[in-house]
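Asker: I'd like to ask some things about the structure below.
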Amino acid sequence: MKTLFAFLLAASGLAAQTLVEIGTKADGLVIDLRYTTADNYFKTAFYPKHARALLRPATAAKLALAQAELKSQGLSLKIWDAYRPLTVQRAMWKTLPDARFVADPAKGGRHNRGAAVDATLVDARGVELPMPTAHDDFSEKAGAHFKLLPPEIFKNREKLQQVMTKHGFTVFESEWWHFDDADWERYDALDVPMDAPQAQKTPAAGLTSSAALDKQSVSGSSR
């Protein structure tokens with residue numbers, strides 16, 4: 001874990017277009033990218049079956065710190081989404097053109113920048129803790145500060161939010177599971193394949209650097 005932190009914290013000097021793969025057996029992150037299957041709100045598998053969970057190096061560093069704190073408490077993060085290509089964003093927007101839940105691809109969202117994650121909590125057995133709603137539930141209950149919840153669920157959501165904000169993420173008001181890197185504006189939106197064959201292993205085990213990325217990018221401030 002210390003090696004992972006050292007690499008990630010030093011990664012801020014990498015090329016602006018770099019993404020790294022997250023999730024190793026050592027760090028305990030559970031990766032369950034919901035858009036690799038049709039088991040999601042859109043009923044569509046937008047990602048390839050073997051898509052990798054990718055983030056900007058500095059964002060991944062913050063996530064590693066959040067995971068380390070949770071792991072010391074017998075918990076772990078389960079990641080439902082991370083970097084999302086603009087091609088996928090356009091397809092989602094076509095189905096649900098509502099900026100409260102899907103970023104306008106003309107502006108580019110935080111997921112498209114590799115600077116956001118959709119996450120929940122699991123216990124030591126990998127069982128999800130009860131939360132207000134399922135992923136991509138676009139009801140009022142999905143709001144990050146919806147108050148009419150049973151005490152246990154309220155406590156679980158608060159735990160997730162407290163740990164993520166402590167380590168450099170911000171809460172997204174309409175989705176309790178969505179967290180943005182507070183520095184997301186530093187990055188351009190990208191349209192990089194999630195299973196790019198040119199990716200090479202970095203010195204830190206379990207991380208993959210994708211330096212030869214697609215040049216297509218946009219700037220903007222939408223989610």
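In the structure tokens, each chain is lettered A, B, ... as it comes, each chain's residues begin at 1, and ligands are numbered from 1 in order of appearance.
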I need the residues in stretch 89-156 of chain A that are strand (DSSP E or B) according to DSSP; give them as JSON, numbers by chain.

Answerer: {"A": [116, 117, 118, 119, 120, 121, 122, 128]}

Asker: Taking 4 positions as the minimum chain separation for residues in the same chain, which residues sit within 8 Å of stretch 45-49 of chain A when counting only C-alpha atoms? Answer as a list in words.

Answerer: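 So, after excluding close chain neighbours, the residues are Tyr35, Thr36, Thr37, Ala38, Asp39, Val88, Met194 and Asp195 of chain A.
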
Asker: For A:Arg34, which residue among A:Phe169, A:Asp183, A:Thr87, A:Ile79 is the nearest when counting only C-alpha atoms?

Answerer: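 For A:Arg34, the nearest of the given residues is A:Ile79.
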
Asker: Can you pull out every residue from stretch 84-142 of chain A that DSSP, working from the backbone, puts in alpha helix (DSSP H), and format the result as a ChimeraX atom specification?

Answerer: /A:86-95

Asker: Take the residues just selected and output them with N, CA, C and O atoms as a CSV table (one decimal), in the first residue's frame.

Answerer:
```
chain,number,residue,atom,x,y,z
A,86,LEU,N,-16.2,9.8,-23.8
A,86,LEU,CA,-17.2,10.8,-24.3
A,86,LEU,C,-18.2,10.0,-25.2
A,86,LEU,O,-19.4,10.4,-25.3
A,87,THR,N,-17.7,9.0,-25.9
A,87,THR,CA,-18.6,8.3,-26.8
A,87,THR,C,-19.8,7.7,-26.1
A,87,THR,O,-20.9,7.7,-26.5
A,88,VAL,N,-19.5,7.2,-24.9
A,88,VAL,CA,-20.5,6.6,-24.0
A,88,VAL,C,-21.4,7.7,-23.5
A,88,VAL,O,-22.6,7.6,-23.4
A,89,GLN,N,-20.8,8.9,-23.1
A,89,GLN,CA,-21.6,10.0,-22.6
A,89,GLN,C,-22.6,10.4,-23.7
A,89,GLN,O,-23.8,10.8,-23.3
A,90,ARG,N,-22.3,10.5,-24.9
A,90,ARG,CA,-23.2,10.9,-26.0
A,90,ARG,C,-24.4,9.9,-26.1
A,90,ARG,O,-25.5,10.3,-26.2
A,91,ALA,N,-24.1,8.6,-25.9
A,91,ALA,CA,-25.1,7.6,-26.0
A,91,ALA,C,-26.1,7.7,-24.8
A,91,ALA,O,-27.3,7.6,-25.0
A,92,MET,N,-25.5,8.0,-23.6
A,92,MET,CA,-26.4,8.2,-22.4
A,92,MET,C,-27.2,9.4,-22.6
A,92,MET,O,-28.4,9.4,-22.2
A,93,TRP,N,-26.6,10.5,-23.0
A,93,TRP,CA,-27.4,11.7,-23.2
A,93,TRP,C,-28.5,11.6,-24.2
A,93,TRP,O,-29.6,12.2,-24.0
A,94,LYS,N,-28.3,10.8,-25.2
A,94,LYS,CA,-29.4,10.6,-26.2
A,94,LYS,C,-30.6,9.9,-25.5
A,94,LYS,O,-31.7,10.2,-25.9
A,95,THR,N,-30.3,9.0,-24.5
A,95,THR,CA,-31.4,8.3,-23.8
A,95,THR,C,-32.0,9.2,-22.7
A,95,THR,O,-33.2,9.2,-22.5
```

Asker: May I have the residues within 10 Å of A:Gly126 as an mmCIF file with N, CA and C atoms, in the first residue's frame, using only C-alpha atoms and disregarding those fewer than 2 positions away in the same chain?

Answerer:
```
data_model
loop_
_atom_site.group_PDB
_atom_site.id
_atom_site.type_symbol
_atom_site.label_atom_id
_atom_site.label_comp_id
_atom_site.auth_asym_id
_atom_site.auth_seq_id
_atom_site.Cartn_x
_atom_site.Cartn_y
_atom_site.Cartn_z
ATOM 1 N N GLY A 28 -7.824 -3.785 -1.745
ATOM 2 C CA GLY A 28 -9.153 -4.200 -1.305
ATOM 3 C C GLY A 28 -10.314 -3.540 -2.005
ATOM 4 N N LEU A 29 -10.053 -2.643 -2.952
ATOM 5 C CA LEU A 29 -11.151 -2.041 -3.709
ATOM 6 C C LEU A 29 -11.932 -3.121 -4.449
ATOM 7 N N VAL A 30 -13.250 -2.985 -4.449
ATOM 8 C CA VAL A 30 -14.108 -3.890 -5.212
ATOM 9 C C VAL A 30 -14.552 -3.151 -6.469
ATOM 10 N N LEU A 75 -14.094 -2.101 6.262
ATOM 11 C CA LEU A 75 -14.968 -1.760 5.146
ATOM 12 C C LEU A 75 -14.146 -1.563 3.884
ATOM 13 N N SER A 76 -14.830 -1.489 2.751
ATOM 14 C CA SER A 76 -14.164 -1.192 1.485
ATOM 15 C C SER A 76 -15.115 -0.419 0.579
ATOM 16 N N LEU A 77 -14.515 0.249 -0.377
ATOM 17 C CA LEU A 77 -15.295 0.905 -1.424
ATOM 18 C C LEU A 77 -15.604 -0.101 -2.526
ATOM 19 N N LYS A 78 -16.821 -0.040 -3.028
ATOM 20 C CA LYS A 78 -17.159 -0.741 -4.267
ATOM 21 C C LYS A 78 -17.356 0.342 -5.326
ATOM 22 N N LEU A 121 -20.363 1.334 -0.169
ATOM 23 C CA LEU A 121 -19.563 0.641 0.830
ATOM 24 C C LEU A 121 -19.930 -0.833 0.898
ATOM 25 N N VAL A 122 -18.929 -1.664 1.164
ATOM 26 C CA VAL A 122 -19.159 -3.091 1.406
ATOM 27 C C VAL A 122 -18.451 -3.473 2.695
ATOM 28 N N ASP A 123 -18.921 -4.535 3.326
ATOM 29 C CA ASP A 123 -18.273 -5.010 4.546
ATOM 30 C C ASP A 123 -17.128 -5.951 4.200
ATOM 31 N N ALA A 124 -16.532 -6.560 5.215
ATOM 32 C CA ALA A 124 -15.360 -7.414 5.007
ATOM 33 C C ALA A 124 -15.661 -8.635 4.148
ATOM 34 N N GLU A 128 -22.725 -5.403 0.260
ATOM 35 C CA GLU A 128 -23.017 -3.976 0.250
ATOM 36 C C GLU A 128 -23.775 -3.558 1.504
ATOM 37 N N LEU A 129 -23.376 -2.444 2.087
ATOM 38 C CA LEU A 129 -24.116 -1.873 3.210
ATOM 39 C C LEU A 129 -25.403 -1.244 2.683
#
```

Asker: Between A:Lys62, A:Arg100, A:His50, A:Lys107, which is the closest to A:Leu190 once you count only C-alpha atoms?

Answerer: A:Lys107

Asker: With only C-alpha atoms as the atoms that count, which of A:Met164, A:Val192, A:Leu148, A:Ala182 lies nearest to A:Arg52?

Answerer: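 Checking each candidate against A:Arg52, we get A:Val192 as the closest.
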
Asker: Please measure the separation of atom CA of A:Asp98 and atom CA of A:Thr59, giving the value in Å to one decimal.

Answerer: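 The value is 25.9 Å.
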
Asker: When you draw a straight line from atom CA of A:Asp191 to atom CA of A:Ser139, how long is it in Å?

Answerer: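 One can read the atom CA of A:Asp191 to atom CA of A:Ser139 distance as 29.2 Å.
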
Asker: How far is it from atom CA of A:Phe101 to atom CA of A:Gln161, in Å with one decimal?

Answerer: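 About the pair atom CA of A:Phe101 and atom CA of A:Gln161: they are 18.5 Å apart.
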